[in-house]
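Enquirer: My questions all concern the structure below.
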Amino acid sequence: MDDKPLTVQSDFSLLLDRHSPKFADCRDALLGFAELSKCLDHFYTYRLTRLSLWNAAALGVSADKILEVLKSYSRYTIPTVVVSEVKDACSLYGLLVLEKIDNQIILRVKDPRFVPLISSELRVGEELVDTGSSEILVDGKLEHHFSIIEQARGRVKVRLMKVGLPCEDLAGYQEGESLEVNLKDRSKLRDYQQEATNIFYAQGSVRGGSGVIVLPCGAGKTMVGIDTLALLKTKTLILTPSISSLRQWQKEILNWTDLKEAQIGEYSGESKTIAPVTLTTYQLLTSRSKKLDGKMTHLEKLSQESWGLVIYDEVHLLPAEVFQLASLVQSRRRLGLTATLVREDNKEDEVFTLIGPKKFDLPWKTLEEQGWIAKANCIEVRVELSPEEKGRVSVANKKEAYKIAATSDAKLEATVRLLERHSHEPVLVIGMYLDQLEKLAQRTELPIITGATPQKNRDEMFRRYNAGEIRALILSKIGNSAIDLPDAAVAIQISGMFGSRQEEAQRLGRIVRPKKDGNQAVFYSLVSRDSPEENFAFRRQLFLVEQGYEYGVEEFIEG
């Protein structure tokens, strides 16, 4: 009993003993159905949530399997309330199913208890074709069937999710316009990339075709998207977080497939080309027309095309407005790609509902052990606020106090010292506050790239950095997006977006491409000691801890 590392508590929290010899095995086992919420010196704390359990159920993990894992690692008897919750949550998944029967979308309700709630939530003429439901005997069991308006398919799922009823969507897909496209050599894909694609595709069945693939930055998520495109051979829309990532997709598609440039369209501020494979950005898609009463004209235009596949790159960054597009294209196959499903707006349930459940998840540490991404050494560098800064923090509101701490002058000195330490390595300095970054650029004479930097200038600086002509770059939050800097070996996070775990993932991802010299990547995070920044920094570190990284600490002493 004493060597078991887990304590399961009646509030659905799970305490994992870091000192147990079975710690790593238990941590990996919990990944599939529990969420990490705290990391203390001696324990990790996880939580069981309905969404984490439904994601597991969508992958075919049963309640019995989850309870078996908990029992095998738990020091004590699992509380009855936890056993009941696991069974109840998992049993809900699959009780409501959308299917297409005789060319009509039908909501199959396998448990009559939910019929009154569904009737009160869905409206005739908006979600329902007509009032009431029909009773049908299926395999000796009575089911209730509601006829659903096809265009409301996404809205129905969201409404039901909001009242605690997950809906499994097996209504199938429109194939979209066909596209003859092939990979030049699929054998060059990594095993896990092919596995992720195959699980998503599911041999073309209705149980495949919608969902999220979770892979670390630098692990080749783009290749999973391209492989899926080649398998489906259909007109495809790819949504990206930035022009830089859009151009990277264009380059990779041309490198890996037999498509020609004319078959790949860029729908951006510079070009409005719609082609068999069309790439756009979230920013453009959600922009509103001043001339047309604020309508999202680009979203409306693109949603009318006959896509057979929509790829959401960095789906954790998906703006809330793009859920409207996701809702409109429920009849199309949908692939979400991300390094972390954590969203700062807590809309993970809408990703689950409108894009699809998590289909594949491979931890960073696993890929690191296999040599697909570089080993990373994560270090928190603590700096001291000056007496004047401490005084300003004490009288400021929360937001301003955080900014004062995040932009402490001591961080400039610490960054200069770190740049000197890594003077012969390619370094990225990434921050949130432009005035802080501009001060650093003036002091170090390093080039700086912000959202205001013209794309042409960005591309040239990225080229020079990759060629070794520039030893270090200073980046604003555009450094969070997928940019192609394969040789970056050191990241210095001088300031961040409060407690954003997704930002932590993106920034670490900039430096974990495998290194030619085999050296470790180093990820520094500068934090002002005894300040509002500490609590937010702790939240950010949860992502790294969840992936198996240890966080070292250095104390910066000025002078």
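The chains in the structure tokens are called A, B, ... from first to last as shown; in each chain the residues are counted from 1, and the ligands are counted from 1 in the order shown.
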Determine, counting only C-alpha atoms, which protein, DNA and RNA residues have an atom within 8 Å of an atom of Cys90 in chain A; residues of the same chain fewer than 5 positions away are not included. Present the result as a list in words.
Expert: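 The neighbour list is Leu53, Trp54, Ala57, Ser62 and Ala63 of chain A.
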Enquirer: Mind checking which residues fall within 8 Å of range 246-251 of chain A, counting only C-alpha atoms, ignoring those fewer than 4 positions away in the same chain, and posting them as a PDB file with C-alpha atoms, in the first residue's frame?
Expert:
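Contents of around00.pdb, freshly written:
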ATOM      1  CA  THR A 222       1.552  20.410 -39.849  1.00  0.00           C
ATOM      2  CA  THR A 240      -3.829  29.655 -39.136  1.00  0.00           C
ATOM      3  CA  PRO A 241      -2.947  32.121 -36.348  1.00  0.00           C
ATOM      4  CA  SER A 242      -0.677  34.365 -38.453  1.00  0.00           C
ATOM      5  CA  ASN A 255       7.464  20.326 -50.296  1.00  0.00           C
ATOM      6  CA  ILE A 264      -2.902  26.619 -53.094  1.00  0.00           C
ATOM      7  CA  LEU A 279      -5.180  29.200 -46.288  1.00  0.00           C
ATOM      8  CA  THR A 280      -6.333  32.133 -44.197  1.00  0.00           C
ATOM      9  CA  THR A 281      -5.799  33.609 -40.725  1.00  0.00           C
ATOM     10  CA  ILE A 483       7.237  30.639 -36.833  1.00  0.00           C
ATOM     11  CA  ASP A 484       9.923  28.587 -38.521  1.00  0.00           C
TER      12      ASP A 484
END
Enquirer: Give me the residues near range 170-175 of chain A as a VMD selection string, where near means some atom within 10 Å (using only C-alpha atoms) and where sequence neighbours in that chain fewer than 5 positions away do not count.
Expert: chain A and resid 97 to 101 103 to 107 150 153 204 to 210 232 to 235 306 to 309 329 to 334
Enquirer: Find the residues near Ile238 in chain A: any atom within 8 Å, counting only C-alpha atoms, skip ones fewer than 6 places away on the same chain, and give them as a ChimeraX atom specification.
Expert: /A:277-280,310-313
Enquirer: Would you mind listing what lies within 9 Å of range 81-85 of chain A as an MDAnalysis selection string, with only C-alpha atoms counted and same-chain residues fewer than 3 positions away left out?
Expert: chainID A and resid 8:12 48 50 63 67 78 88:90
Enquirer: For those residues, write C-alpha atoms to a file as a compact mmCIF listing (two decimals), in the first residue's frame.
Expert:
# COMPACT_ATOMS: atom_id res chain seq x y z
CA VAL A 8 -8.23 9.95 -4.58
CA GLN A 9 -10.37 12.47 -2.70
CA SER A 10 -14.13 12.93 -2.55
CA ASP A 11 -13.92 16.41 -4.18
CA PHE A 12 -12.66 14.65 -7.36
CA LEU A 48 -11.52 14.65 -12.68
CA ARG A 50 -16.88 15.78 -16.88
CA ALA A 63 -15.42 3.82 -16.79
CA LEU A 67 -11.50 3.00 -12.16
CA ILE A 78 -11.70 5.25 -3.78
CA ASP A 88 -22.25 8.44 -14.54
CA ALA A 89 -20.12 10.78 -16.69
CA CYS A 90 -18.88 8.00 -18.95
Enquirer: Check range 258-489 of chain A with DSSP on the backbone and list each residue it calls strand (DSSP E or B), as an MDAnalysis selection string.
Expert: chainID A and resid 264:267 272 277:281 309:312 333:338 358:361 376:383 427:430 448:449 472:475
Enquirer: Could the residues in this selection be written to a file with C-alpha atoms, as a PDB file, in the first residue's frame?
Expert:
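Result file follows (selection_36.pdb):
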ATOM      1  CA  ILE A 264      -2.902  26.619 -53.094  1.00  0.00           C
ATOM      2  CA  GLY A 265      -4.706  29.887 -52.427  1.00  0.00           C
ATOM      3  CA  GLU A 266      -3.809  32.599 -49.927  1.00  0.00           C
ATOM      4  CA  TYR A 267      -6.830  34.410 -48.510  1.00  0.00           C
ATOM      5  CA  LYS A 272      -8.179  36.942 -51.701  1.00  0.00           C
ATOM      6  CA  VAL A 277      -6.459  24.308 -50.793  1.00  0.00           C
ATOM      7  CA  THR A 278      -7.047  27.726 -49.245  1.00  0.00           C
ATOM      8  CA  LEU A 279      -5.180  29.200 -46.288  1.00  0.00           C
ATOM      9  CA  THR A 280      -6.333  32.133 -44.197  1.00  0.00           C
ATOM     10  CA  THR A 281      -5.799  33.609 -40.725  1.00  0.00           C
ATOM     11  CA  LEU A 309     -12.013  19.323 -44.721  1.00  0.00           C
ATOM     12  CA  VAL A 310     -11.386  22.296 -42.436  1.00  0.00           C
ATOM     13  CA  ILE A 311      -8.088  22.339 -40.499  1.00  0.00           C
ATOM     14  CA  TYR A 312      -7.842  24.559 -37.404  1.00  0.00           C
ATOM     15  CA  ARG A 333     -14.600  16.986 -41.620  1.00  0.00           C
ATOM     16  CA  ARG A 334     -12.801  19.067 -38.974  1.00  0.00           C
ATOM     17  CA  LEU A 335      -9.250  18.633 -37.697  1.00  0.00           C
ATOM     18  CA  GLY A 336      -7.896  20.662 -34.786  1.00  0.00           C
ATOM     19  CA  LEU A 337      -4.141  20.786 -34.179  1.00  0.00           C
ATOM     20  CA  THR A 338      -2.599  22.047 -30.947  1.00  0.00           C
ATOM     21  CA  LYS A 358      -9.347  14.718 -28.420  1.00  0.00           C
ATOM     22  CA  LYS A 359      -8.305  11.860 -30.698  1.00  0.00           C
ATOM     23  CA  PHE A 360      -4.553  11.642 -30.105  1.00  0.00           C
ATOM     24  CA  ASP A 361      -2.239  12.998 -27.424  1.00  0.00           C
ATOM     25  CA  ALA A 376      14.806  21.266 -22.612  1.00  0.00           C
ATOM     26  CA  ASN A 377      16.170  22.682 -19.378  1.00  0.00           C
ATOM     27  CA  CYS A 378      13.569  25.017 -17.818  1.00  0.00           C
ATOM     28  CA  ILE A 379      14.858  27.661 -15.418  1.00  0.00           C
ATOM     29  CA  GLU A 380      13.068  30.383 -13.477  1.00  0.00           C
ATOM     30  CA  VAL A 381      15.280  33.419 -12.923  1.00  0.00           C
ATOM     31  CA  ARG A 382      14.108  35.473  -9.958  1.00  0.00           C
ATOM     32  CA  VAL A 383      14.887  39.177  -9.883  1.00  0.00           C
ATOM     33  CA  VAL A 427      18.620  33.102 -28.734  1.00  0.00           C
ATOM     34  CA  LEU A 428      15.033  34.381 -28.739  1.00  0.00           C
ATOM     35  CA  VAL A 429      13.901  36.998 -26.218  1.00  0.00           C
ATOM     36  CA  ILE A 430      10.104  37.007 -26.018  1.00  0.00           C
ATOM     37  CA  ILE A 448      13.085  43.573 -32.690  1.00  0.00           C
ATOM     38  CA  ILE A 449       9.968  42.167 -34.379  1.00  0.00           C
ATOM     39  CA  ALA A 472      19.489  36.841 -31.247  1.00  0.00           C
ATOM     40  CA  LEU A 473      16.017  38.251 -31.931  1.00  0.00           C
ATOM     41  CA  ILE A 474      13.636  40.161 -29.705  1.00  0.00           C
ATOM     42  CA  LEU A 475      10.012  39.169 -30.323  1.00  0.00           C
TER      43      LEU A 475
END
Enquirer: Got a sec: who's within 12 Å of Val138 in chain A, counting only C-alpha atoms, leaving out chain neighbours fewer than 3 positions off, as a PyMOL selection string?
Expert: chain A and resi 108-110+135+141-145
Enquirer: Any chance you can output those residues with N, CA and C atoms as a PDB file, in the first residue's frame?
Expert:
ATOM      1  N   ARG A 108     -30.899  10.919 -31.778  1.00  0.00           N
ATOM      2  CA  ARG A 108     -31.358   9.713 -31.075  1.00  0.00           C
ATOM      3  C   ARG A 108     -31.126   9.892 -29.577  1.00  0.00           C
ATOM      4  N   VAL A 109     -32.185   9.741 -28.788  1.00  0.00           N
ATOM      5  CA  VAL A 109     -32.090   9.859 -27.336  1.00  0.00           C
ATOM      6  C   VAL A 109     -32.379   8.484 -26.753  1.00  0.00           C
ATOM      7  N   LYS A 110     -31.327   7.860 -26.213  1.00  0.00           N
ATOM      8  CA  LYS A 110     -31.455   6.476 -25.762  1.00  0.00           C
ATOM      9  C   LYS A 110     -31.953   6.352 -24.327  1.00  0.00           C
ATOM     10  N   GLU A 135     -41.262   7.911 -30.988  1.00  0.00           N
ATOM     11  CA  GLU A 135     -40.771   6.790 -30.196  1.00  0.00           C
ATOM     12  C   GLU A 135     -40.503   5.618 -31.127  1.00  0.00           C
ATOM     13  N   LYS A 141     -35.095  -1.807 -27.364  1.00  0.00           N
ATOM     14  CA  LYS A 141     -35.109  -0.701 -26.417  1.00  0.00           C
ATOM     15  C   LYS A 141     -35.804   0.511 -27.038  1.00  0.00           C
ATOM     16  N   LEU A 142     -36.568   1.211 -26.231  1.00  0.00           N
ATOM     17  CA  LEU A 142     -37.322   2.362 -26.715  1.00  0.00           C
ATOM     18  C   LEU A 142     -36.422   3.594 -26.798  1.00  0.00           C
ATOM     19  N   GLU A 143     -36.394   4.235 -27.959  1.00  0.00           N
ATOM     20  CA  GLU A 143     -35.652   5.472 -28.154  1.00  0.00           C
ATOM     21  C   GLU A 143     -36.591   6.585 -28.574  1.00  0.00           C
ATOM     22  N   HIS A 144     -36.178   7.812 -28.286  1.00  0.00           N
ATOM     23  CA  HIS A 144     -36.908   8.994 -28.764  1.00  0.00           C
ATOM     24  C   HIS A 144     -36.058   9.668 -29.831  1.00  0.00           C
ATOM     25  N   HIS A 145     -36.666   9.985 -30.971  1.00  0.00           N
ATOM     26  CA  HIS A 145     -35.951  10.609 -32.083  1.00  0.00           C
ATOM     27  C   HIS A 145     -36.500  12.006 -32.355  1.00  0.00           C
TER      28      HIS A 145
END
Enquirer: Could you go through range 105-234 of chain A and tell me which residues DSSP, when run on the backbone, assigns to helix (DSSP H, G or I), listing them as a PyMOL selection string?
Expert: chain A and resi 112-121+150-162+186-188+191-204+221-232
Enquirer: Would you save the residues from that selection as a compact mmCIF listing (two decimals), in the first residue's frame, using N, CA and C atoms?
Expert:
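Once everything was written out, this is part_9.txt:
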# COMPACT_ATOMS: atom_id res chain seq x y z
N PRO A 112 -34.98 8.00 -21.90
CA PRO A 112 -36.16 8.90 -21.88
C PRO A 112 -36.09 9.98 -20.82
N ARG A 113 -35.21 9.84 -19.83
CA ARG A 113 -35.11 10.87 -18.78
C ARG A 113 -34.77 12.23 -19.34
N PHE A 114 -34.06 12.25 -20.49
CA PHE A 114 -33.56 13.52 -21.02
C PHE A 114 -34.51 14.18 -22.00
N VAL A 115 -35.59 13.51 -22.35
CA VAL A 115 -36.50 14.05 -23.36
C VAL A 115 -37.10 15.40 -22.94
N PRO A 116 -37.62 15.56 -21.71
CA PRO A 116 -38.18 16.87 -21.32
C PRO A 116 -37.15 18.00 -21.38
N LEU A 117 -35.91 17.72 -20.93
CA LEU A 117 -34.86 18.75 -20.95
C LEU A 117 -34.53 19.14 -22.38
N ILE A 118 -34.43 18.15 -23.26
CA ILE A 118 -34.11 18.44 -24.67
C ILE A 118 -35.24 19.24 -25.30
N SER A 119 -36.46 18.87 -25.00
CA SER A 119 -37.62 19.59 -25.56
C SER A 119 -37.66 21.04 -25.12
N SER A 120 -37.18 21.29 -23.90
CA SER A 120 -37.19 22.68 -23.40
C SER A 120 -36.02 23.50 -23.94
N GLU A 121 -34.93 22.84 -24.33
CA GLU A 121 -33.74 23.55 -24.80
C GLU A 121 -33.77 23.84 -26.30
N GLU A 150 -30.70 20.72 -40.43
CA GLU A 150 -29.31 20.39 -40.72
C GLU A 150 -28.36 21.54 -40.40
N GLN A 151 -28.76 22.77 -40.72
CA GLN A 151 -27.88 23.92 -40.48
C GLN A 151 -27.69 24.20 -38.98
N ALA A 152 -28.54 23.59 -38.14
CA ALA A 152 -28.46 23.82 -36.70
C ALA A 152 -27.69 22.72 -35.98
N ARG A 153 -27.05 21.86 -36.73
CA ARG A 153 -26.35 20.71 -36.16
C ARG A 153 -25.34 21.13 -35.09
N GLY A 154 -24.55 22.13 -35.37
CA GLY A 154 -23.57 22.60 -34.39
C GLY A 154 -24.23 23.25 -33.20
N ARG A 155 -25.25 24.06 -33.46
CA ARG A 155 -25.94 24.77 -32.37
C ARG A 155 -26.61 23.78 -31.41
N VAL A 156 -27.16 22.71 -31.97
CA VAL A 156 -27.79 21.68 -31.13
C VAL A 156 -26.77 21.09 -30.16
N LYS A 157 -25.60 20.78 -30.67
CA LYS A 157 -24.58 20.16 -29.82
C LYS A 157 -24.11 21.11 -28.73
N VAL A 158 -23.96 22.39 -29.07
CA VAL A 158 -23.54 23.37 -28.07
C VAL A 158 -24.61 23.54 -26.99
N ARG A 159 -25.86 23.66 -27.39
CA ARG A 159 -26.95 23.83 -26.42
C ARG A 159 -27.03 22.65 -25.46
N LEU A 160 -26.89 21.45 -26.00
CA LEU A 160 -26.98 20.27 -25.15
C LEU A 160 -25.77 20.15 -24.23
N MET A 161 -24.58 20.49 -24.75
CA MET A 161 -23.38 20.47 -23.91
C MET A 161 -23.52 21.42 -22.73
N LYS A 162 -24.11 22.59 -22.96
CA LYS A 162 -24.25 23.59 -21.90
C LYS A 162 -25.15 23.11 -20.76
N ARG A 186 5.07 9.00 -48.23
CA ARG A 186 4.49 8.92 -46.89
C ARG A 186 5.41 8.18 -45.92
N SER A 187 6.29 7.35 -46.44
CA SER A 187 7.18 6.58 -45.56
C SER A 187 8.13 7.48 -44.77
N LYS A 188 8.28 8.73 -45.22
CA LYS A 188 9.16 9.66 -44.51
C LYS A 188 8.48 10.30 -43.30
N ASP A 191 6.37 7.70 -37.28
CA ASP A 191 5.33 6.71 -36.94
C ASP A 191 4.15 7.36 -36.23
N TYR A 192 4.44 8.25 -35.28
CA TYR A 192 3.35 8.83 -34.50
C TYR A 192 2.50 9.78 -35.35
N GLN A 193 3.11 10.41 -36.36
CA GLN A 193 2.33 11.27 -37.25
C GLN A 193 1.35 10.44 -38.07
N GLN A 194 1.82 9.31 -38.60
CA GLN A 194 0.92 8.42 -39.34
C GLN A 194 -0.17 7.86 -38.44
N GLU A 195 0.22 7.51 -37.20
CA GLU A 195 -0.76 6.97 -36.26
C GLU A 195 -1.85 8.01 -35.95
N ALA A 196 -1.44 9.26 -35.73
CA ALA A 196 -2.42 10.32 -35.44
C ALA A 196 -3.38 10.50 -36.61
N THR A 197 -2.85 10.52 -37.83
CA THR A 197 -3.70 10.67 -39.00
C THR A 197 -4.67 9.50 -39.13
N ASN A 198 -4.17 8.29 -38.94
CA ASN A 198 -5.02 7.11 -39.09
C ASN A 198 -6.13 7.07 -38.06
N ILE A 199 -5.82 7.48 -36.81
CA ILE A 199 -6.85 7.51 -35.77
C ILE A 199 -7.90 8.55 -36.11
N PHE A 200 -7.47 9.72 -36.58
CA PHE A 200 -8.44 10.76 -36.97
C PHE A 200 -9.29 10.29 -38.15
N TYR A 201 -8.66 9.70 -39.15
CA TYR A 201 -9.36 9.29 -40.37
C TYR A 201 -10.31 8.12 -40.10
N ALA A 202 -9.89 7.19 -39.25
CA ALA A 202 -10.72 6.03 -38.87
C ALA A 202 -11.28 5.31 -40.09
N GLN A 203 -10.43 5.13 -41.09
CA GLN A 203 -10.79 4.42 -42.33
C GLN A 203 -12.01 5.05 -43.03
N GLY A 204 -12.18 6.35 -42.81
CA GLY A 204 -13.26 7.06 -43.49
C GLY A 204 -14.62 6.91 -42.86
N LYS A 221 3.03 18.85 -36.27
CA LYS A 221 1.57 18.83 -36.39
C LYS A 221 1.13 19.15 -37.82
N THR A 222 1.88 20.04 -38.47
CA THR A 222 1.55 20.41 -39.85
C THR A 222 1.53 19.18 -40.74
N MET A 223 2.46 18.25 -40.50
CA MET A 223 2.52 17.05 -41.32
C MET A 223 1.30 16.17 -41.12
N VAL A 224 0.73 16.17 -39.93
CA VAL A 224 -0.52 15.41 -39.71
C VAL A 224 -1.63 16.02 -40.55
N GLY A 225 -1.69 17.35 -40.60
CA GLY A 225 -2.69 18.01 -41.43
C GLY A 225 -2.51 17.70 -42.90
N ILE A 226 -1.26 17.73 -43.37
CA ILE A 226 -0.98 17.47 -44.79
C ILE A 226 -1.28 16.01 -45.13
N ASP A 227 -0.94 15.10 -44.22
CA ASP A 227 -1.22 13.68 -44.44
C ASP A 227 -2.74 13.45 -44.51
N THR A 228 -3.49 14.14 -43.65
CA THR A 228 -4.95 14.02 -43.67
C THR A 228 -5.52 14.55 -44.98
N LEU A 229 -4.99 15.66 -45.43
CA LEU A 229 -5.40 16.23 -46.72
C LEU A 229 -5.18 15.21 -47.85
N ALA A 230 -4.03 14.54 -47.84
CA ALA A 230 -3.71 13.57 -48.89
C ALA A 230 -4.60 12.33 -48.81
N LEU A 231 -4.99 11.94 -47.60
CA LEU A 231 -5.86 10.78 -47.45
C LEU A 231 -7.29 11.08 -47.92
N LEU A 232 -7.79 12.27 -47.57
CA LEU A 232 -9.17 12.62 -47.90
C LEU A 232 -9.34 13.08 -49.34
Enquirer: Please list as a PyMOL selection string every residue within 8 Å of Glu35 in chain A, counting only C-alpha atoms and excluding residues in the same chain fewer than 2 positions away.
Expert: chain A and resi 31+33+37+46-49+52
Enquirer: Between CA of Lys398 in chain A and CA of Lys38 in chain A, what distance in Å does the model show, to one decimal?
Expert: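 Interatomic distance here is 22.4 Å.
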Enquirer: Between CA of Gln455 in chain A and CA of Ser476 in chain A, measure the distance and give it in Å to one decimal.
Expert: 14.1 Å
